[in-house]
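Asks: First the structure, which I've put down as structure tokens, then a few questions once you've had a look.
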Amino acid sequence: MKEKKTEEARLPRHVAVIMDGNGRWAKKRLLPRSAGHKAGVKRMLSLVDQMFRRGIKYVTLYALSAENLARPQEELNELFSLLRAYFAENVQKLKAQEIRLSVIGDRSLLPADIVQAIEAGERDTLNCGKGRLILAIAYGGRQEIVRAVNVAVAAGKQVTAEAFSALLNTAEIPDPDLMIRTGRETRISNFLLWQAAYTELYFSDKMFPEFSEKDLDAALRDYASRERRFGRVKE
Ligand code: FPP
């Protein structure tokens, strides 16, 4: 049966976002990088609301890459403070909206109090079923794949692609349909490498703090116009 081309059928179920350009946004305004990150969080909060309101079920955000952890300690401390504030101020709001919060990445690289906040946030929203917000923190796609390979090797079993997917941090989360990157760069930067095999990519010239609701609409319209074939020919 041919898929009905309704708006809903064309809406991505899972959108992943690389929130790039906070630093450049701040620099252009002669502000410190920390101001860019603050503006990024503000933008992130409303973008998440906008996406769930449109009916997108899964939203994954690249909040901090494993490689970002090599940034100067001062900038890292600012990013950690923003994360602390995010968890303190938003978990109950997510719960009220029935949004489940999950975090992917290597927690052993994070300060202990942030790990505790992550665990509490995941626990408090575990039974929320309207949508799922996945934050990638201290995340790297290659590192995630290597961890999964080592689990498979330790189990002494060969894996199928499905069995391998289940060993990743994103087990039970469908692959992203659409990946948006702001900030004018056109690369994936170690984000969801395995999961993005057939993800539609969308690159925006806007710096993340200025990526507006209209820009989101443009990305969703662009996605709706794509023909997804997953390597097959169209019937
Ligand atoms: C890239 O911009 C962005 C980041 C390294 C961090 C993105 C994080 C946030 C928006 C806030 C943290 C998240 C939460 C959940 C509180 P950049 O600084 O590399 O920008 P540049 O490429 O212009 O320098």
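Residues are named by chain letter and number: chains run A, B, ... in the order of the structure tokens, numbers start at 1 in each chain, and ligands are numbered from 1 in the order shown.
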How would you write, as a PyMOL selection string, the set of residues in segment 131-204 of chain A that DSSP gives as strand (DSSP E or B)?
Replies: chain A and resi 131-139+178-181+200-203
Asks: Enumerate as a VMD selection string the residues within 9 Å of ligand 1, counting only C-alpha atoms and all ligand atoms.
Replies: chain A and resid 18 to 27 33 to 34 36 to 45 61 to 65 68 71 79 to 87 135 to 137 183 185 207 to 209
Asks: Can you list, as a ChimeraX atom specification, every residue of segment 29-154 of chain A that DSSP puts in alpha helix (DSSP H)?
Replies: /A:33-53,73-96,112-124,141-154
Asks: Taking 6 positions as the minimum chain separation for residues in the same chain, which residues sit within 10 Å of Lys95 of chain A when counting only C-alpha atoms? Answer as a count of residues only.
Replies: 9
Asks: Calculated over only C-alpha atoms, which of the candidates A:Glu78, A:Glu162, A:Asp205, A:Asp49 has the smallest distance to Arg181 of chain A?
Replies: A:Asp205
Asks: Please compute the atom CA of Lys206 of chain A-atom CA of Lys28 of chain A distance, one decimal, in Å.
Replies: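 Taking atom CA of Lys206 of chain A and atom CA of Lys28 of chain A, their separation equals 12.8 Å.
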Asks: Contacts of Leu193 of chain A at 9 Å or less, counting only C-alpha atoms, minus same-chain residues fewer than 3 places along, as a tab-separated table (two decimals) with all heavy atoms, in the first residue's frame?
Replies:
```tsv
chain	number	residue	atom	x	y	z
A	140	GLY	N	30.00	10.75	22.28
A	140	GLY	CA	30.73	10.61	21.02
A	140	GLY	C	30.23	9.35	20.33
A	140	GLY	O	30.09	8.31	20.98
A	141	GLY	N	29.94	9.46	19.04
A	141	GLY	CA	29.41	8.30	18.31
A	141	GLY	C	30.42	7.16	18.22
A	141	GLY	O	30.08	6.00	18.44
A	142	ARG	N	31.67	7.49	17.92
A	142	ARG	CA	32.69	6.43	17.83
A	142	ARG	C	32.86	5.75	19.18
A	142	ARG	O	32.97	4.52	19.26
A	142	ARG	CB	34.03	7.02	17.40
A	142	ARG	CG	34.08	7.36	15.94
A	142	ARG	CD	35.47	7.81	15.58
A	142	ARG	NE	35.59	7.98	14.15
A	142	ARG	CZ	36.65	8.48	13.55
A	142	ARG	NH1	37.69	8.88	14.26
A	142	ARG	NH2	36.70	8.60	12.25
A	145	ILE	N	30.08	3.38	19.83
A	145	ILE	CA	30.21	2.16	19.03
A	145	ILE	C	31.28	1.23	19.63
A	145	ILE	O	31.07	0.02	19.78
A	145	ILE	CB	30.52	2.51	17.55
A	145	ILE	CG1	29.28	3.14	16.90
A	145	ILE	CG2	30.96	1.27	16.77
A	145	ILE	CD1	29.52	3.76	15.53
A	188	ILE	N	28.91	16.08	10.62
A	188	ILE	CA	28.13	15.42	11.68
A	188	ILE	C	28.85	15.46	13.03
A	188	ILE	O	28.21	15.32	14.08
A	188	ILE	CB	27.79	13.96	11.26
A	188	ILE	CG1	26.84	13.99	10.05
A	188	ILE	CG2	27.14	13.20	12.37
A	188	ILE	CD1	26.37	12.63	9.61
A	189	SER	N	30.17	15.63	13.02
A	189	SER	CA	30.94	15.80	14.26
A	189	SER	C	30.68	14.71	15.30
A	189	SER	O	30.39	15.02	16.46
A	189	SER	CB	30.67	17.19	14.87
A	189	SER	OG	31.07	18.19	13.98
A	190	ASN	N	30.76	13.45	14.87
A	190	ASN	CA	30.73	12.33	15.82
A	190	ASN	C	29.39	12.17	16.54
A	190	ASN	O	29.32	11.64	17.64
A	190	ASN	CB	31.87	12.50	16.85
A	190	ASN	CG	32.35	11.18	17.42
A	190	ASN	OD1	32.03	10.11	16.91
A	190	ASN	ND2	33.10	11.24	18.51
A	196	ALA	N	22.52	7.40	12.36
A	196	ALA	CA	22.19	8.36	11.29
A	196	ALA	C	22.41	7.79	9.90
A	196	ALA	O	22.46	8.54	8.92
A	196	ALA	CB	23.00	9.64	11.48
A	197	ALA	N	22.50	6.46	9.78
A	197	ALA	CA	22.81	5.85	8.48
A	197	ALA	C	21.87	6.34	7.37
A	197	ALA	O	22.31	6.60	6.26
A	197	ALA	CB	22.76	4.33	8.61
```
Asks: My list of candidates is A:Ile104, A:Ala152, A:Ala35, A:Leu11. Which is closest to Met51 of chain A when distances are computed with only C-alpha atoms?
Replies: A:Leu11
Asks: So how far away is atom CA of Arg184 of chain A from atom CA of Arg29 of chain A, in Å?
Replies: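 Separation between atom CA of Arg29 of chain A and atom CA of Arg184 of chain A: 17.5 Å.
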Asks: What's around Ile56 of chain A at 10 Å? Count only C-alpha atoms, leave out sequence neighbours fewer than 3 positions away in its own chain, and write the answer as a list in words.
Replies: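 Near neighbours after the sequence-gap exclusion: Glu8, Leu11, Pro12, Arg13, His14, Val15, Val48, Gln50, Met51, Phe52, Arg53, Val59, Lys130, Gly131 and Arg132 of chain A.
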Asks: Counting only C-alpha atoms, which residue out of A:Gln158, A:Thr199, A:Ser225, A:Ser102 sits closest to Ala16 of chain A?
Replies: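 Between A:Gln158, A:Thr199, A:Ser225, A:Ser102, the residue approaching Ala16 of chain A most closely is A:Thr199.
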Asks: From the options A:Ser165, A:Lys234, A:Leu109, A:Phe203, which residue's atoms come nearest to Ala218 of chain A, counting only C-alpha atoms?
Replies: A:Phe203
Asks: My list of candidates is A:Lys57, A:Glu89, A:Tyr139, A:Ile99. Which is closest to Ala117 of chain A when distances are computed with only C-alpha atoms?
Replies: A:Glu89
Asks: Please, what distance in Å, to one decimal, runs between atom CA of Glu200 of chain A and atom CA of Asp177 of chain A?
Replies: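 Between atom CA of Glu200 of chain A and atom CA of Asp177 of chain A the gap works out to 6.0 Å.
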